[in-house]
file upload_22.cif (mmCIF, C-alpha atoms (C1' of nucleotides))
data_work
#
loop_
_atom_site.label_atom_id
_atom_site.label_comp_id
_atom_site.auth_asym_id
_atom_site.auth_seq_id
_atom_site.Cartn_x
_atom_site.Cartn_y
_atom_site.Cartn_z
CA MET A 1 68.68 51.50 77.76
CA PRO A 2 70.36 48.74 75.76
CA ARG A 3 74.09 48.38 75.46
CA PRO A 4 75.39 50.15 72.36
CA SER A 5 76.19 47.13 70.25
CA ASP A 6 72.78 45.65 70.99
CA ALA A 7 70.87 48.46 69.35
CA LYS A 8 70.60 46.69 66.00
CA LYS A 9 69.28 43.50 67.61
CA HIS A 10 66.67 45.48 69.47
CA PHE A 11 65.47 47.16 66.29
CA VAL A 12 65.11 43.86 64.46
CA ASP A 13 63.49 42.09 67.37
CA THR A 14 60.92 44.83 67.82
CA ALA A 15 60.28 44.94 64.10
CA VAL A 16 59.47 41.23 64.06
CA THR A 17 56.90 41.63 66.82
CA LEU A 18 55.24 44.74 65.43
CA PHE A 19 55.15 43.54 61.83
CA ARG A 20 53.47 40.35 62.97
CA ARG A 21 50.83 42.33 64.86
CA LYS A 22 50.07 45.14 62.47
CA GLY A 23 51.62 44.24 59.14
CA TYR A 24 54.50 45.88 57.32
CA ASN A 25 52.64 49.02 56.38
CA GLY A 26 50.79 49.19 59.67
CA VAL A 27 53.90 50.03 61.65
CA GLY A 28 55.87 53.23 61.42
CA LEU A 29 59.59 53.56 61.94
CA ASN A 30 58.99 55.92 64.82
CA GLU A 31 56.99 53.30 66.68
CA ILE A 32 59.59 50.62 66.12
CA ILE A 33 62.35 52.90 67.36
CA ALA A 34 60.34 53.99 70.39
CA VAL A 35 59.29 50.48 71.43
CA SER A 36 62.73 49.00 70.89
CA GLY A 37 64.25 51.47 73.32
CA ALA A 38 67.28 51.70 71.08
CA PRO A 39 68.72 55.10 70.29
CA LYS A 40 66.80 56.87 67.56
CA GLY A 41 69.81 58.52 66.08
CA SER A 42 71.46 55.21 65.28
CA PHE A 43 68.79 53.71 63.09
CA TYR A 44 70.08 54.73 59.69
CA HIS A 45 73.58 53.90 60.77
CA HIS A 46 72.61 50.28 61.30
CA PHE A 47 70.12 50.17 58.43
CA PRO A 48 71.31 52.35 55.56
CA GLY A 49 68.61 50.71 53.46
CA GLY A 50 65.93 52.03 55.76
CA LYS A 51 62.71 50.24 56.57
CA GLU A 52 63.10 47.75 53.77
CA GLU A 53 66.46 46.56 55.04
CA LEU A 54 65.06 46.31 58.54
CA ALA A 55 62.27 44.12 57.21
CA GLU A 56 64.79 41.87 55.49
CA GLU A 57 66.61 41.23 58.73
CA ALA A 58 63.30 40.77 60.52
CA ALA A 59 62.30 38.15 57.97
CA ARG A 60 65.56 36.29 58.45
CA LEU A 61 65.37 36.40 62.23
CA ALA A 62 61.77 35.21 62.30
CA GLY A 63 62.67 32.61 59.71
CA HIS A 64 65.41 31.18 61.93
CA ARG A 65 63.13 31.12 64.94
CA ILE A 66 60.45 29.13 63.18
CA ALA A 67 63.07 26.89 61.65
CA ARG A 68 64.11 26.02 65.20
CA LEU A 69 60.49 25.29 66.08
CA ILE A 70 60.28 22.96 63.11
CA ASP A 71 63.34 20.99 64.19
CA GLN A 72 62.13 20.97 67.77
CA ALA A 73 58.76 19.54 66.73
CA PHE A 74 60.10 16.85 64.43
CA ILE A 75 63.26 15.78 66.22
CA ASP A 76 61.43 13.67 68.78
CA ALA A 77 58.47 12.70 66.65
CA PRO A 78 58.09 8.98 66.00
CA THR A 79 56.21 9.67 62.77
CA PHE A 80 55.82 12.59 60.36
CA ALA A 81 52.20 12.97 61.41
CA ASP A 82 53.27 13.36 65.03
CA GLY A 83 55.71 16.08 64.07
CA VAL A 84 53.06 17.89 62.08
CA HIS A 85 50.67 17.85 65.01
CA ALA A 86 53.41 18.91 67.41
CA LEU A 87 54.38 21.94 65.32
CA ALA A 88 50.76 22.94 64.79
CA ASP A 89 50.22 22.71 68.53
CA ILE A 90 53.27 24.79 69.34
CA ILE A 91 52.28 27.56 66.97
CA ALA A 92 48.68 27.46 68.14
CA ASP A 93 49.87 27.75 71.73
CA TRP A 94 51.96 30.82 71.03
CA PHE A 95 49.27 32.36 68.87
CA GLU A 96 46.59 31.88 71.51
CA ALA A 97 48.93 33.19 74.21
CA SER A 98 49.26 36.41 72.21
CA ASP A 99 45.46 36.72 72.14
CA TRP A 100 45.51 35.78 68.44
CA ARG A 101 47.56 38.82 67.52
CA ASP A 102 51.02 37.54 66.57
CA GLY A 103 50.44 36.25 63.07
CA CYS A 104 52.92 34.59 60.75
CA PRO A 105 55.88 36.94 60.22
CA VAL A 106 56.13 35.95 56.59
CA THR A 107 52.47 36.66 55.89
CA ALA A 108 52.89 40.11 57.38
CA LEU A 109 55.57 40.92 54.84
CA VAL A 110 53.92 39.20 51.89
CA ILE A 111 50.92 41.47 52.29
CA GLY A 112 52.07 44.99 51.67
CA ALA A 113 55.70 44.50 50.71
CA ILE A 114 55.43 42.01 47.85
CA PRO A 115 56.05 42.48 45.02
CA ASP A 116 57.07 46.10 45.57
CA SER A 117 60.42 45.20 47.10
CA THR A 118 62.39 42.77 44.99
CA ARG A 119 64.99 42.15 47.66
CA LEU A 120 62.42 41.54 50.37
CA SER A 121 60.48 39.22 48.09
CA ALA A 122 63.61 37.17 47.56
CA VAL A 123 64.30 36.93 51.28
CA VAL A 124 60.75 35.79 51.99
CA ALA A 125 61.01 33.17 49.28
CA GLU A 126 64.29 31.96 50.78
CA VAL A 127 62.77 31.66 54.24
CA LEU A 128 59.79 29.68 52.99
CA GLU A 129 62.06 27.45 50.96
CA ASP A 130 64.19 26.79 54.03
CA TRP A 131 61.13 25.80 56.02
CA ALA A 132 59.94 23.47 53.29
CA ALA A 133 63.34 21.87 52.72
CA ARG A 134 63.89 21.42 56.44
CA THR A 135 60.49 19.81 56.89
CA ALA A 136 61.00 17.63 53.85
CA GLY A 137 64.25 16.44 55.41
CA HIS A 138 62.44 15.35 58.53
CA ALA A 139 59.75 13.72 56.43
CA GLU A 140 62.29 11.73 54.47
CA ARG A 141 64.07 10.66 57.65
CA LEU A 142 60.73 9.46 59.01
CA GLY A 143 60.05 7.34 55.98
CA VAL A 144 57.61 9.50 54.07
CA SER A 145 57.50 8.51 50.42
CA ASP A 146 56.93 11.99 48.93
CA PRO A 147 58.63 14.29 51.46
CA ARG A 148 58.76 17.45 49.33
CA GLU A 149 55.07 17.39 48.47
CA ARG A 150 54.04 16.57 52.03
CA ALA A 151 56.08 19.48 53.33
CA ALA A 152 54.52 21.80 50.77
CA ARG A 153 51.04 20.69 51.75
CA PHE A 154 51.84 21.22 55.38
CA PHE A 155 52.80 24.86 54.96
CA ILE A 156 49.83 25.60 52.74
CA ALA A 157 47.59 24.35 55.52
CA LEU A 158 49.62 26.00 58.26
CA GLU A 159 49.58 29.44 56.67
CA GLY A 160 45.87 29.18 55.95
CA ALA A 161 45.17 28.07 59.51
CA TRP A 162 47.26 30.91 60.94
CA LEU A 163 45.19 33.39 58.98
CA LEU A 164 41.77 31.93 59.73
CA ALA A 165 42.53 31.42 63.40
CA ARG A 166 43.11 35.14 63.63
CA VAL A 167 39.55 35.77 62.52
CA GLN A 168 37.87 32.94 64.41
CA ARG A 169 40.05 33.33 67.51
CA THR A 170 40.06 29.56 67.86
CA ARG A 171 42.70 26.91 67.48
CA ALA A 172 40.32 24.77 65.46
CA PRO A 173 41.98 25.74 62.16
CA PHE A 174 45.33 24.44 63.40
CA LYS A 175 43.81 21.12 64.37
CA LEU A 176 42.19 20.79 60.96
CA ALA A 177 45.36 21.86 59.21
CA ALA A 178 47.40 19.18 60.95
CA SER A 179 44.86 16.53 60.06
CA MET A 180 44.87 17.57 56.41
CA VAL A 181 48.49 16.75 55.74
CA LEU A 182 48.08 13.07 56.32
CA MET B 1 33.99 60.87 34.88
CA PRO B 2 31.38 58.59 36.45
CA ARG B 3 27.71 59.42 36.69
CA PRO B 4 26.95 61.06 40.02
CA SER B 5 25.10 58.20 41.65
CA ASP B 6 27.84 55.79 40.66
CA ALA B 7 30.53 57.52 42.69
CA LYS B 8 30.10 55.27 45.71
CA LYS B 9 30.32 52.11 43.61
CA HIS B 10 33.48 53.37 42.00
CA PHE B 11 35.08 54.04 45.37
CA VAL B 12 34.27 50.57 46.66
CA ASP B 13 35.28 48.85 43.48
CA THR B 14 38.63 50.58 43.38
CA ALA B 15 39.18 49.90 47.06
CA VAL B 16 38.71 46.18 46.51
CA THR B 17 41.33 46.13 43.79
CA LEU B 18 43.89 48.25 45.59
CA PHE B 19 43.49 46.56 48.97
CA ARG B 20 44.03 43.21 47.32
CA ARG B 21 47.21 44.46 45.68
CA LYS B 22 48.83 46.46 48.45
CA GLY B 23 46.96 45.64 51.64
CA TYR B 24 44.74 47.84 53.75
CA ASN B 25 47.53 50.00 55.14
CA GLY B 26 49.41 50.03 51.87
CA VAL B 27 46.82 52.15 50.11
CA GLY B 28 46.01 55.76 50.86
CA LEU B 29 42.64 57.38 50.46
CA ASN B 30 44.08 59.83 47.99
CA GLU B 31 45.15 57.00 45.71
CA ILE B 32 41.77 55.28 45.92
CA ILE B 33 39.98 58.51 45.11
CA ALA B 34 42.32 59.32 42.25
CA VAL B 35 42.16 55.87 40.64
CA SER B 36 38.42 55.56 41.02
CA GLY B 37 37.88 58.73 39.05
CA ALA B 38 35.01 59.62 41.37
CA PRO B 39 34.77 63.14 42.72
CA LYS B 40 37.13 63.70 45.61
CA GLY B 41 34.80 66.03 47.44
CA SER B 42 32.11 63.39 47.74
CA PHE B 43 34.04 60.76 49.63
CA TYR B 44 33.06 61.63 53.17
CA HIS B 45 29.51 62.19 52.06
CA HIS B 46 29.24 58.57 50.96
CA PHE B 47 31.49 57.20 53.71
CA PRO B 48 31.03 59.18 56.93
CA GLY B 49 32.95 56.44 58.68
CA GLY B 50 35.99 57.14 56.52
CA LYS B 51 38.46 54.52 55.35
CA GLU B 52 37.18 51.91 57.75
CA GLU B 53 33.64 52.12 56.42
CA LEU B 54 34.97 51.95 52.87
CA ALA B 55 36.84 48.78 53.80
CA GLU B 56 33.66 47.27 55.23
CA GLU B 57 31.83 47.77 51.98
CA ALA B 58 34.83 46.52 50.06
CA ALA B 59 34.83 43.35 52.15
CA ARG B 60 31.14 42.79 51.47
CA LEU B 61 31.47 43.41 47.75
CA ALA B 62 34.46 41.10 47.41
CA GLY B 63 32.67 38.58 49.59
CA HIS B 64 29.69 38.51 47.27
CA ARG B 65 31.88 38.15 44.23
CA ILE B 66 33.71 35.13 45.59
CA ALA B 67 30.43 33.69 46.83
CA ARG B 68 29.28 33.77 43.22
CA LEU B 69 32.46 32.01 42.14
CA ILE B 70 31.79 29.32 44.73
CA ASP B 71 28.28 28.67 43.45
CA GLN B 72 29.51 28.78 39.89
CA ALA B 73 32.17 26.16 40.61
CA PHE B 74 29.96 23.76 42.52
CA ILE B 75 26.66 24.10 40.68
CA ASP B 76 27.73 21.90 37.78
CA ALA B 77 30.15 19.69 39.67
CA PRO B 78 29.26 15.99 39.76
CA THR B 79 31.20 15.53 42.99
CA PHE B 80 32.46 17.76 45.79
CA ALA B 81 36.02 17.07 44.74
CA ASP B 82 35.24 18.32 41.25
CA GLY B 83 33.83 21.52 42.66
CA VAL B 84 36.89 22.03 44.81
CA HIS B 85 39.19 21.63 41.84
CA ALA B 86 37.01 23.89 39.72
CA LEU B 87 37.07 26.71 42.26
CA ALA B 88 40.79 26.37 42.85
CA ASP B 89 41.33 26.54 39.10
CA ILE B 90 39.16 29.60 38.68
CA ILE B 91 40.96 31.50 41.41
CA ALA B 92 44.36 30.38 40.17
CA ASP B 93 43.43 31.59 36.68
CA TRP B 94 42.47 35.04 37.90
CA PHE B 95 45.46 35.24 40.18
CA GLU B 96 47.89 34.29 37.44
CA ALA B 97 46.20 36.70 35.04
CA SER B 98 46.90 39.50 37.50
CA ASP B 99 50.58 38.51 37.50
CA TRP B 100 50.14 37.11 41.02
CA ARG B 101 49.20 40.48 42.45
CA ASP B 102 45.49 40.31 43.28
CA GLY B 103 45.50 38.39 46.54
CA CYS B 104 42.56 37.33 48.63
CA PRO B 105 40.54 40.42 49.58
CA VAL B 106 39.86 39.04 53.02
CA THR B 107 43.53 38.37 53.74
CA ALA B 108 44.35 41.94 52.79
CA LEU B 109 42.00 43.21 55.49
CA VAL B 110 42.90 40.62 58.11
CA ILE B 111 46.51 41.79 57.98
CA GLY B 112 46.56 45.36 59.14
CA ALA B 113 42.95 45.96 60.14
CA ILE B 114 42.31 43.11 62.56
CA PRO B 115 41.84 43.33 65.45
CA ASP B 116 42.08 47.14 65.48
CA SER B 117 38.68 47.65 63.92
CA THR B 118 35.94 45.72 65.67
CA ARG B 119 33.35 46.43 63.00
CA LEU B 120 35.65 45.41 60.18
CA SER B 121 36.64 42.26 62.04
CA ALA B 122 32.99 41.31 62.33
CA VAL B 123 32.36 41.88 58.63
CA VAL B 124 35.35 39.76 57.67
CA ALA B 125 34.15 36.98 59.96
CA GLU B 126 30.70 37.18 58.37
CA VAL B 127 32.12 36.92 54.88
CA LEU B 128 34.23 33.89 55.74
CA GLU B 129 31.29 32.26 57.47
CA ASP B 130 29.16 32.84 54.40
CA TRP B 131 31.76 31.18 52.18
CA ALA B 132 32.03 28.20 54.51
CA ALA B 133 28.27 27.78 54.92
CA ARG B 134 27.70 28.10 51.21
CA THR B 135 30.39 25.55 50.42
CA ALA B 136 29.09 23.21 53.12
CA GLY B 137 25.68 23.43 51.48
CA HIS B 138 27.10 22.27 48.19
CA ALA B 139 29.04 19.54 49.96
CA GLU B 140 25.93 18.25 51.65
CA ARG B 141 23.99 18.33 48.43
CA LEU B 142 26.75 16.30 46.80
CA GLY B 143 26.60 13.63 49.46
CA VAL B 144 29.59 14.55 51.62
CA SER B 145 29.27 13.05 55.07
CA ASP B 146 30.92 15.87 57.06
CA PRO B 147 30.16 18.94 54.92
CA ARG B 148 31.04 21.61 57.50
CA GLU B 149 34.46 20.21 58.24
CA ARG B 150 35.27 19.62 54.60
CA ALA B 151 34.34 23.20 53.78
CA ALA B 152 36.52 24.47 56.64
CA ARG B 153 39.45 22.41 55.40
CA PHE B 154 38.97 23.72 51.91
CA PHE B 155 39.26 27.36 52.89
CA ILE B 156 42.26 26.73 55.12
CA ALA B 157 44.02 25.22 52.12
CA LEU B 158 42.73 27.86 49.72
CA GLU B 159 43.87 30.81 51.81
CA GLY B 160 47.25 29.22 52.38
CA ALA B 161 47.64 28.49 48.70
CA TRP B 162 46.66 32.03 47.73
CA LEU B 163 49.38 33.37 50.00
CA LEU B 164 52.14 30.98 48.96
CA ALA B 165 51.35 31.30 45.27
CA ARG B 166 52.05 34.99 45.62
CA VAL B 167 55.59 34.22 46.71
CA GLN B 168 56.27 31.31 44.38
CA ARG B 169 54.43 32.87 41.44
CA THR B 170 53.18 29.42 40.53
CA ARG B 171 49.78 27.76 40.56
CA ALA B 172 51.25 24.67 42.18
CA PRO B 173 49.94 25.64 45.64
CA PHE B 174 46.38 25.74 44.30
CA LYS B 175 46.72 22.28 42.81
CA LEU B 176 48.05 20.92 46.08
CA ALA B 177 45.36 22.72 48.06
CA ALA B 178 42.61 21.16 45.99
CA SER B 179 44.08 17.71 46.42
CA MET B 180 44.34 18.14 50.18
CA VAL B 181 40.64 18.50 50.80
CA LEU B 182 39.80 15.03 49.66
"C1'" DC C 1 97.00 58.92 75.97
"C1'" DC C 2 95.79 59.52 71.06
"C1'" DC C 3 93.44 58.67 67.18
"C1'" DG C 4 90.47 56.39 63.94
"C1'" DT C 5 86.24 54.03 63.94
"C1'" DT C 6 81.77 53.08 65.45
"C1'" DT C 7 77.77 54.67 67.45
"C1'" DT C 8 74.42 58.13 69.03
"C1'" DA C 9 71.98 63.02 69.52
"C1'" DT C 10 69.64 66.60 67.56
"C1'" DG C 11 66.60 68.71 64.67
"C1'" DG C 12 64.98 68.91 61.08
"C1'" DT C 13 63.20 67.73 55.38
"C1'" DG C 14 59.14 67.49 52.22
"C1'" DA C 15 55.59 64.17 51.38
"C1'" DT C 16 51.65 61.89 52.50
"C1'" DC C 17 48.36 60.39 55.91
"C1'" DA C 18 43.11 60.39 57.16
"C1'" DC C 19 39.86 63.75 57.85
"C1'" DC C 20 36.79 67.78 57.68
"C1'" DA C 21 34.33 72.71 57.38
"C1'" DT C 22 32.09 75.40 54.30
"C1'" DA C 23 29.82 76.53 50.32
"C1'" DG C 24 28.17 75.81 45.82
"C1'" DA C 25 26.00 72.78 42.21
"C1'" DA C 26 22.93 69.28 40.59
"C1'" DT C 27 18.78 66.73 41.05
"C1'" DG C 28 13.91 65.38 41.23
"C1'" DG C 29 9.26 65.68 43.24
"C1'" DA C 30 5.43 69.00 44.07
"C1'" DT D 1 9.13 77.02 39.17
"C1'" DC D 2 10.44 76.31 43.84
"C1'" DC D 3 12.31 73.75 47.32
"C1'" DA D 4 14.50 70.06 49.86
"C1'" DT D 5 17.69 66.70 49.31
"C1'" DT D 6 21.65 64.77 47.52
"C1'" DC D 7 25.98 65.33 45.81
"C1'" DT D 8 30.43 67.73 44.68
"C1'" DA D 9 34.37 71.51 44.91
"C1'" DT D 10 37.69 73.75 47.39
"C1'" DG D 11 41.16 74.24 50.50
"C1'" DG D 12 42.62 73.33 54.03
"C1'" DT D 13 43.75 70.71 59.43
"C1'" DG D 14 47.40 68.63 62.39
"C1'" DA D 15 49.63 64.23 62.55
"C1'" DT D 16 52.62 61.00 60.93
"C1'" DC D 17 55.34 59.07 57.24
"C1'" DA D 18 60.32 57.54 55.86
"C1'" DC D 19 64.50 59.72 55.66
"C1'" DC D 20 68.74 62.41 56.41
"C1'" DA D 21 72.68 66.18 57.44
"C1'" DT D 22 75.63 67.45 60.89
"C1'" DA D 23 78.18 66.96 64.86
"C1'" DA D 24 79.18 65.20 69.25
"C1'" DA D 25 80.13 61.21 72.09
"C1'" DA D 26 81.78 56.59 73.12
"C1'" DC D 27 84.93 53.14 72.11
"C1'" DG D 28 89.22 50.27 71.40
"C1'" DG D 29 93.81 49.25 69.41
"C1'" DG D 30 98.37 51.16 69.27
#
call {"tool": "encode", "arguments": {"input": "upload_22.cif", "output": "structure tokens"}}
result
Amino acid sequence: MPRPSDAKKHFVDTAVTLFRRKGYNGVGLNEIIAVSGAPKGSFYHHFPGGKEELAEEAARLAGHRIARLIDQAFIDAPTFADGVHALADIIADWFEASDWRDGCPVTALVIGAIPDSTRLSAVVAEVLEDWAARTAGHAERLGVSDPRERAARFFIALEGAWLLARVQRTRAPFKLAASMVL
Amino acid sequence: MPRPSDAKKHFVDTAVTLFRRKGYNGVGLNEIIAVSGAPKGSFYHHFPGGKEELAEEAARLAGHRIARLIDQAFIDAPTFADGVHALADIIADWFEASDWRDGCPVTALVIGAIPDSTRLSAVVAEVLEDWAARTAGHAERLGVSDPRERAARFFIALEGAWLLARVQRTRAPFKLAASMVL
DNA sequence: CCCGTTTTATGGTGATCACCATAGAATGGA
DNA sequence: TCCATTCTATGGTGATCACCATAAAACGGG
């Protein structure tokens, strides 16, 4: 049983995991509450906006986590291409370790919650923009001539690879994706 | 009211549209039946396997349709790159015309039905393999040295672009995707 | 210790979910 | 026309959906 003030964190954390596995509409509130271990009666106290508000916070949390992965991959990379390969490898590692179940958290929300929820759509757009801007920053620092476009290409390939790897259950798409950005 | 023997087609056709818009778990059987206009009482006669069987047929139908688009784009293309741009343009046109709502039918099923349904997973894998093989065939015919890999790259970029364009509501991702395959 | 605030427990609401049993209607070949 | 097959109509099943009203419990500053 989690400490009282941690209940909200547990809800969001569980939501991130379950949304990634089964999609926004594939997970019920009851399941999230049960898995999180947080008290059922407190859900609508912490999330007056209900499931949609929970998904917003889940998007932000997952967004921050991947943002950290981005920095981690590029901070020690001698070239942009090295950073791209490093990030693709990291994500492929985690994805394979989950038996190809934990997809991109953003994709999970895009399918089934966009464009129905205006607020959630905006949050998702913000998260993707943060990823792109952050990556473009690293690209510029590493001497790439067109950092914004290279970053955009990278995430197109990364999202596509994340989806196809789920079907093929192979990390081949990630390898190809990394090689495409160059 | 559709002619009796057309009921099944109507169900599948409607399922393709609605799955693309709201995802597999975002659409209920009642809605599909209502929108299709086909007789409600006949659903489980045509689809003893229920929603999952309907989704299988929807995947196959959508697969065939996009396969036709692929051939259509490449058949008159002087080079592989021209075919890639042509297909990306066609899909971007349709996507924009739907106000960025009709996503990739395969993506809609991958999120929320994989890996829960083994049969559906297999069908999706078959459809993607057909697209790749078909595209590789065109690539080879057009003198590409590594047709299989180029086709794989293309669909990684295409799926990623289809997803990101839904968030950005712009065809820019498709343009970038096409330029990445070269 | 008291009191106001934050958090949790309980027990539901109606709606919708996928699914199905049974029976009647339509159809087309013999 | 008769019959077998194919299709449709009706009216549900229990389960789960997101959500909430009410009240008790835990907490922390004064």
call {"tool": "residues_around", "arguments": {"input": "upload_22.cif", "residues": "A:Ala59", "least_positions_apart": "4", "cutoff": "8 Å", "atoms": "all atoms listed in the file", "output": "VMD selection string"}}
result
chain A and resid 16 55 63 105 to 106 109 123 to 124 127
call {"tool": "interface_residues", "arguments": {"input": "upload_22.cif", "of": "chain A", "to": "chain B", "cutoff": "6 Å", "atoms": "all atoms listed in the file", "output": "compact mmCIF listing (two decimals) with C-alpha atoms, in the frame of the given file"}}
result
# COMPACT_ATOMS: atom_id res chain seq x y z
CA LYS A 22 50.07 45.14 62.47
CA GLY A 23 51.62 44.24 59.14
CA ASN A 25 52.64 49.02 56.38
CA GLY A 26 50.79 49.19 59.67
CA ILE A 111 50.92 41.47 52.29
CA GLY A 112 52.07 44.99 51.67
CA ILE A 156 49.83 25.60 52.74
CA ALA A 157 47.59 24.35 55.52
CA GLU A 159 49.58 29.44 56.67
CA GLY A 160 45.87 29.18 55.95
CA ALA A 161 45.17 28.07 59.51
call {"tool": "resolve_selection", "arguments": {"input": "upload_22.cif", "expression": "the PyMOL selection byres ((chain C) within 12 of (chain B))", "output": "mmCIF file with C-alpha atoms (C1' of nucleotides), keeping the file's coordinate frame"}}
result
data_model
loop_
_atom_site.group_PDB
_atom_site.id
_atom_site.type_symbol
_atom_site.label_atom_id
_atom_site.label_comp_id
_atom_site.auth_asym_id
_atom_site.auth_seq_id
_atom_site.Cartn_x
_atom_site.Cartn_y
_atom_site.Cartn_z
ATOM 1 C "C1'" DT C 16 51.650 61.890 52.500
ATOM 2 C "C1'" DC C 17 48.360 60.390 55.910
ATOM 3 C "C1'" DA C 18 43.110 60.390 57.160
ATOM 4 C "C1'" DC C 19 39.860 63.750 57.850
ATOM 5 C "C1'" DC C 20 36.790 67.780 57.680
ATOM 6 C "C1'" DA C 21 34.330 72.710 57.380
ATOM 7 C "C1'" DT C 22 32.090 75.400 54.300
ATOM 8 C "C1'" DA C 23 29.820 76.530 50.320
ATOM 9 C "C1'" DG C 24 28.170 75.810 45.820
ATOM 10 C "C1'" DA C 25 26.000 72.780 42.210
ATOM 11 C "C1'" DA C 26 22.930 69.280 40.590
ATOM 12 C "C1'" DT C 27 18.780 66.730 41.050
#
call {"tool": "resolve_selection", "arguments": {"input": "upload_22.cif", "expression": "the PyMOL selection byres ((chain A and resi 58) around 8)", "output": "ChimeraX atom specification"}}
result
/A:12-13,15-16,54-57,59-62
call {"tool": "residues_near_point", "arguments": {"input": "upload_22.cif", "point": "(71.5, 66.2, 58.6)", "cutoff": "12 Å", "atoms": "only C-alpha atoms (C1' of nucleotides)", "output": "number ranges by chain"}}
result
A: 41, 44; C: 9-13; D: 19-23
call {"tool": "resolve_selection", "arguments": {"input": "upload_22.cif", "expression": "the PyMOL selection byres ((chain D) within 10 of (chain B))", "output": "list in words"}}
result
DT6, DC7, DT8, DA9 and DT10 of chain D
call {"tool": "atom_distance", "arguments": {"input": "upload_22.cif", "atom1": "atom CA of B:Gly37", "atom2": "atom CA of B:Asp99"}}
result
23.9 Å
call {"tool": "residues_around", "arguments": {"input": "upload_22.cif", "residues": "C:DA30", "least_positions_apart": "4", "cutoff": "12 Å", "atoms": "only C-alpha atoms (C1' of nucleotides)", "output": "PDB file with C-alpha atoms (C1' of nucleotides), in the frame of the given file"}}
result
ATOM      1  C1'  DT D   1       9.130  77.020  39.170  1.00  0.00           C
ATOM      2  C1'  DC D   2      10.440  76.310  43.840  1.00  0.00           C
ATOM      3  C1'  DC D   3      12.310  73.750  47.320  1.00  0.00           C
ATOM      4  C1'  DA D   4      14.500  70.060  49.860  1.00  0.00           C
TER       5       DA D   4
END
call {"tool": "atom_distance", "arguments": {"input": "upload_22.cif", "atom1": "atom CA of B:Glu31", "atom2": "atom CA of A:Glu52"}}
result
21.7 Å
call {"tool": "residues_around", "arguments": {"input": "upload_22.cif", "residues": "A:Ala86", "least_positions_apart": "3", "cutoff": "8 Å", "atoms": "all atoms listed in the file", "output": "number ranges by chain"}}
result
A: 73-74, 82-83, 89-90
call {"tool": "build_atoms", "arguments": {"input": "upload_22.cif", "residues": "stretch 147-156 of chain A", "atoms": "N, CA, C and O atoms", "output": "compact mmCIF listing (two decimals), in the frame of the given file"}}
result
# COMPACT_ATOMS: atom_id res chain seq x y z
N PRO A 147 58.36 13.29 50.40
CA PRO A 147 58.63 14.29 51.46
C PRO A 147 58.42 15.72 51.00
O PRO A 147 57.86 16.53 51.74
N ARG A 148 58.85 16.07 49.81
CA ARG A 148 58.76 17.45 49.33
C ARG A 148 57.30 17.88 49.22
O ARG A 148 56.92 18.96 49.66
N GLU A 149 56.48 17.02 48.66
CA GLU A 149 55.07 17.39 48.47
C GLU A 149 54.35 17.47 49.81
O GLU A 149 53.52 18.35 50.03
N ARG A 150 54.69 16.54 50.70
CA ARG A 150 54.04 16.57 52.03
C ARG A 150 54.39 17.84 52.78
O ARG A 150 53.56 18.43 53.46
N ALA A 151 55.66 18.24 52.67
CA ALA A 151 56.08 19.48 53.33
C ALA A 151 55.34 20.68 52.74
O ALA A 151 54.87 21.56 53.47
N ALA A 152 55.23 20.70 51.43
CA ALA A 152 54.52 21.80 50.77
C ALA A 152 53.08 21.86 51.22
O ALA A 152 52.54 22.94 51.53
N ARG A 153 52.43 20.73 51.29
CA ARG A 153 51.04 20.69 51.75
C ARG A 153 50.93 21.22 53.17
O ARG A 153 50.00 21.95 53.52
N PHE A 154 51.89 20.83 53.98
CA PHE A 154 51.84 21.22 55.38
C PHE A 154 51.84 22.75 55.51
O PHE A 154 51.03 23.32 56.26
N PHE A 155 52.69 23.41 54.77
CA PHE A 155 52.80 24.86 54.96
C PHE A 155 51.64 25.60 54.31
O PHE A 155 51.25 26.68 54.77
N ILE A 156 51.06 25.02 53.27
CA ILE A 156 49.83 25.60 52.74
C ILE A 156 48.77 25.60 53.83
O ILE A 156 48.13 26.62 54.11
